[in-house]
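Undergrad: Got a structure here, written out as structure tokens. Questions coming.
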Amino acid sequence: MTAVSLGVPQVPARPLAARRPSRQIQVGSVAVGGGAPVSVQSMTTTRTSDVGATLQQIAELTASGCEIVRVACPTQDDADALPVIAKKSQIPVIADIHFQPKYVFAAIEAGCAAVRVNPGNIKKFDDQVKEIAAAARDHGTPVRIGVNAGSLDRRLLRKYGKATPEALVESALWEASLFEEHGFRDLKISVKHNDPVVMIEAYRQLAERCDYPLHLGVTEAGPAFQGTVKSAVAFGALLSQGIGDTIRVSLSAPPVEEVKVGIQILRSLGLKERRLEIVSCPSCGRAQVDVYRLAEEVTAGLDGMEVPLRVAVMGCVVNGPGEAREADLGVASGNGKGQIFVKGEVVRTVPESKIVETLIEEAMKIAEQMEKDGASGESAVTVS
């Protein structure tokens, strides 16, 4: 008799790569860098001056797993709303500042957890770094230097011809050096580009040349499908090398969708505790049941499950039994029926019409037991 461990562990025994050593800053209640877990960010789409709508969206983001939220501050009305939003938000609020340096000071005074500045489009920003550094230091407010390909300093565009990785990195390090001159190093840096290849190279170069925590993002990534693919490719390449401390998936979609994608990217890399995971086959000519429908209905039926549970929904006898056996719960389907596996053992065989309800029923039983056991995510059964 041999004990075989099944189920999904919280994190892999061996990460893909050691995290890049970096300084640690504190963004409100969230530690960033210095070995702290990679955090997921998003940005509100409401007018910040509409306090009620903004707080409502922040609440929705918080419920979806967002850990830090950014709000735009292009007008005085937006700046005036920051104190209430920063105080009532359940997660740290970062004020996003462009064009008007006076709003940097307003955000710091408002009690925002951090301020994001885009040096490329803030007029005479470099001349005010001393004052900004002093205000940020006095209030314990970190600053994110956010360099974007679309708003790169004209001087660097003339030098490099376009927003190359070298141009993005030079811009970021130049601005960081200005803060350093005044003894301020409570910084986080991002160098975003809409091309994942350029973005990846920029972050690799930046990671080699400084020890500041890095915020990853593919800017203007596009609609949901395209943006998800771009972000997953770029973040995966960097995070698998230990580069990156916070992430934001930029999608032309509701911000809650950004958070869902970001969380799933981190879970897929073992950088965030895994919860429900559906393992399902892509279907082929061997399938004898409607795998697409089964997978969608099981996913919908188990939506919101918090415990780390792997459920396999398989459509044929080639890989089905093996995948179903290795999951916490699974079905191997064929000839219009399915064998239901729980912890590696067949517990019953049901017709296709009963597969979904049976899987959901068994999942609830397993989840209840996991919660009683502390939801460790590791379960073991004994097989001969």
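In the structure tokens, the first chain shown is A, the next is B, and so on; residue numbers restart at 1 for each chain, and ligands run from 1 in the order shown.
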Can you list, as an NGL selection string, every residue of region 47-252 of chain A that DSSP puts in alpha helix (DSSP H)?
TA: :A and (51-64 or 76-88 or 102-110 or 129-139 or 154-160 or 165-181 or 196-209 or 224-239)
Undergrad: Near Asp153 (chain A), within 10 Å and counting only C-alpha atoms, which residues show up once chain neighbours fewer than 3 positions away are dropped, as an mmCIF file with C-alpha atoms, in the first residue's frame?
TA:
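Written file, part.cif:
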data_model
loop_
_atom_site.group_PDB
_atom_site.id
_atom_site.type_symbol
_atom_site.label_atom_id
_atom_site.label_comp_id
_atom_site.auth_asym_id
_atom_site.auth_seq_id
_atom_site.Cartn_x
_atom_site.Cartn_y
_atom_site.Cartn_z
ATOM 1 C CA ASN A 118 4.258 60.027 -15.477
ATOM 2 C CA PRO A 119 7.329 62.243 -15.893
ATOM 3 C CA GLY A 120 6.986 62.316 -19.670
ATOM 4 C CA ASN A 121 3.858 64.439 -19.626
ATOM 5 C CA ILE A 122 4.141 66.497 -16.444
ATOM 6 C CA VAL A 147 7.140 55.482 -17.850
ATOM 7 C CA ASN A 148 4.894 54.802 -20.857
ATOM 8 C CA ALA A 149 5.895 54.313 -24.469
ATOM 9 C CA GLY A 150 3.065 56.576 -25.576
ATOM 10 C CA LEU A 156 14.560 60.544 -25.432
ATOM 11 C CA LEU A 157 12.421 60.119 -28.539
ATOM 12 C CA ARG A 158 14.886 62.304 -30.425
ATOM 13 C CA ALA A 163 10.277 54.071 -27.532
ATOM 14 C CA ALA A 167 14.768 54.657 -23.964
ATOM 15 C CA LEU A 168 12.187 53.478 -21.441
ATOM 16 C CA SER A 171 13.787 57.624 -18.636
#
Undergrad: Can you tell me which residues surround Lys192 (chain A) at a distance of at most 12 Å, considering only C-alpha atoms, apart from same-chain residues fewer than 3 positions away, and format the answer as JSON, numbers by chain?
TA: {"A": [118, 145, 146, 147, 148, 149, 150, 151, 152, 163, 164, 165, 167, 168, 169, 171, 172, 189, 195, 196, 197, 198, 199, 200, 201, 202, 203, 206, 214, 215, 216, 217, 218, 219, 220, 221, 231, 234, 235, 247, 248, 249, 250]}
Undergrad: Would you pick out the contacts of Gly244 (chain A) at 12 Å or less, using only C-alpha atoms, so that residues sharing its chain but fewer than 2 positions from it are not included, and give the list as JSON, numbers by chain?
TA: {"A": [17, 18, 19, 20, 21, 22, 32, 33, 34, 35, 36, 37, 38, 39, 40, 188, 189, 190, 191, 200, 203, 204, 206, 207, 211, 212, 213, 214, 215, 216, 217, 234, 235, 236, 237, 238, 239, 240, 241, 242, 246, 247, 248, 266, 271]}
Undergrad: With only C-alpha atoms as the basis for distance, which of A:Tyr103, A:Phe341, A:Phe179, A:Tyr292 is at the shortest distance from Arg144 (chain A)?
TA: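 Once distances to Arg144 (chain A) are computed over only C-alpha atoms, the minimum belongs to A:Phe179.
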Undergrad: Smallest atom-to-atom distance to Arg275 (chain A): which of A:Leu187, A:Ile340, A:Ala367, A:Leu16, using only C-alpha atoms?
TA: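 Checking each of A:Leu187, A:Ile340, A:Ala367, A:Leu16 against Arg275 (chain A), counting only C-alpha atoms, the winner is A:Ala367.
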Undergrad: Give me every strand (DSSP E or B) residue in region 147-256 of chain A, going by DSSP on the backbone, as a PyMOL selection string.
TA: chain A and resi 147-148+187-193+214-216+218+246-248
Undergrad: Using only C-alpha atoms, determine which residues lie at most 6 Å from region 86-88 of chain A, disregarding the query and same-chain residues fewer than 4 positions distant; provide the list as a list in words.
TA: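 The residues satisfying every condition are Leu82, Val93 and Cys112 of chain A.
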Undergrad: Closest to Gln26 (chain A) among A:Val318, A:Ile94, A:Ala113, A:Ala176, using only C-alpha atoms?
TA: A:Ala113
Undergrad: Between A:Gly270, A:Gly28, A:Pro74, A:Gly183, which residue has the minimum interatomic distance to Arg47 (chain A), considering only C-alpha atoms?
TA: A:Pro74
Undergrad: Using only C-alpha atoms, which of A:Arg70, A:Ile278, A:Glu258, A:Lys337 sits nearest Val313 (chain A)?
TA: A:Ile278
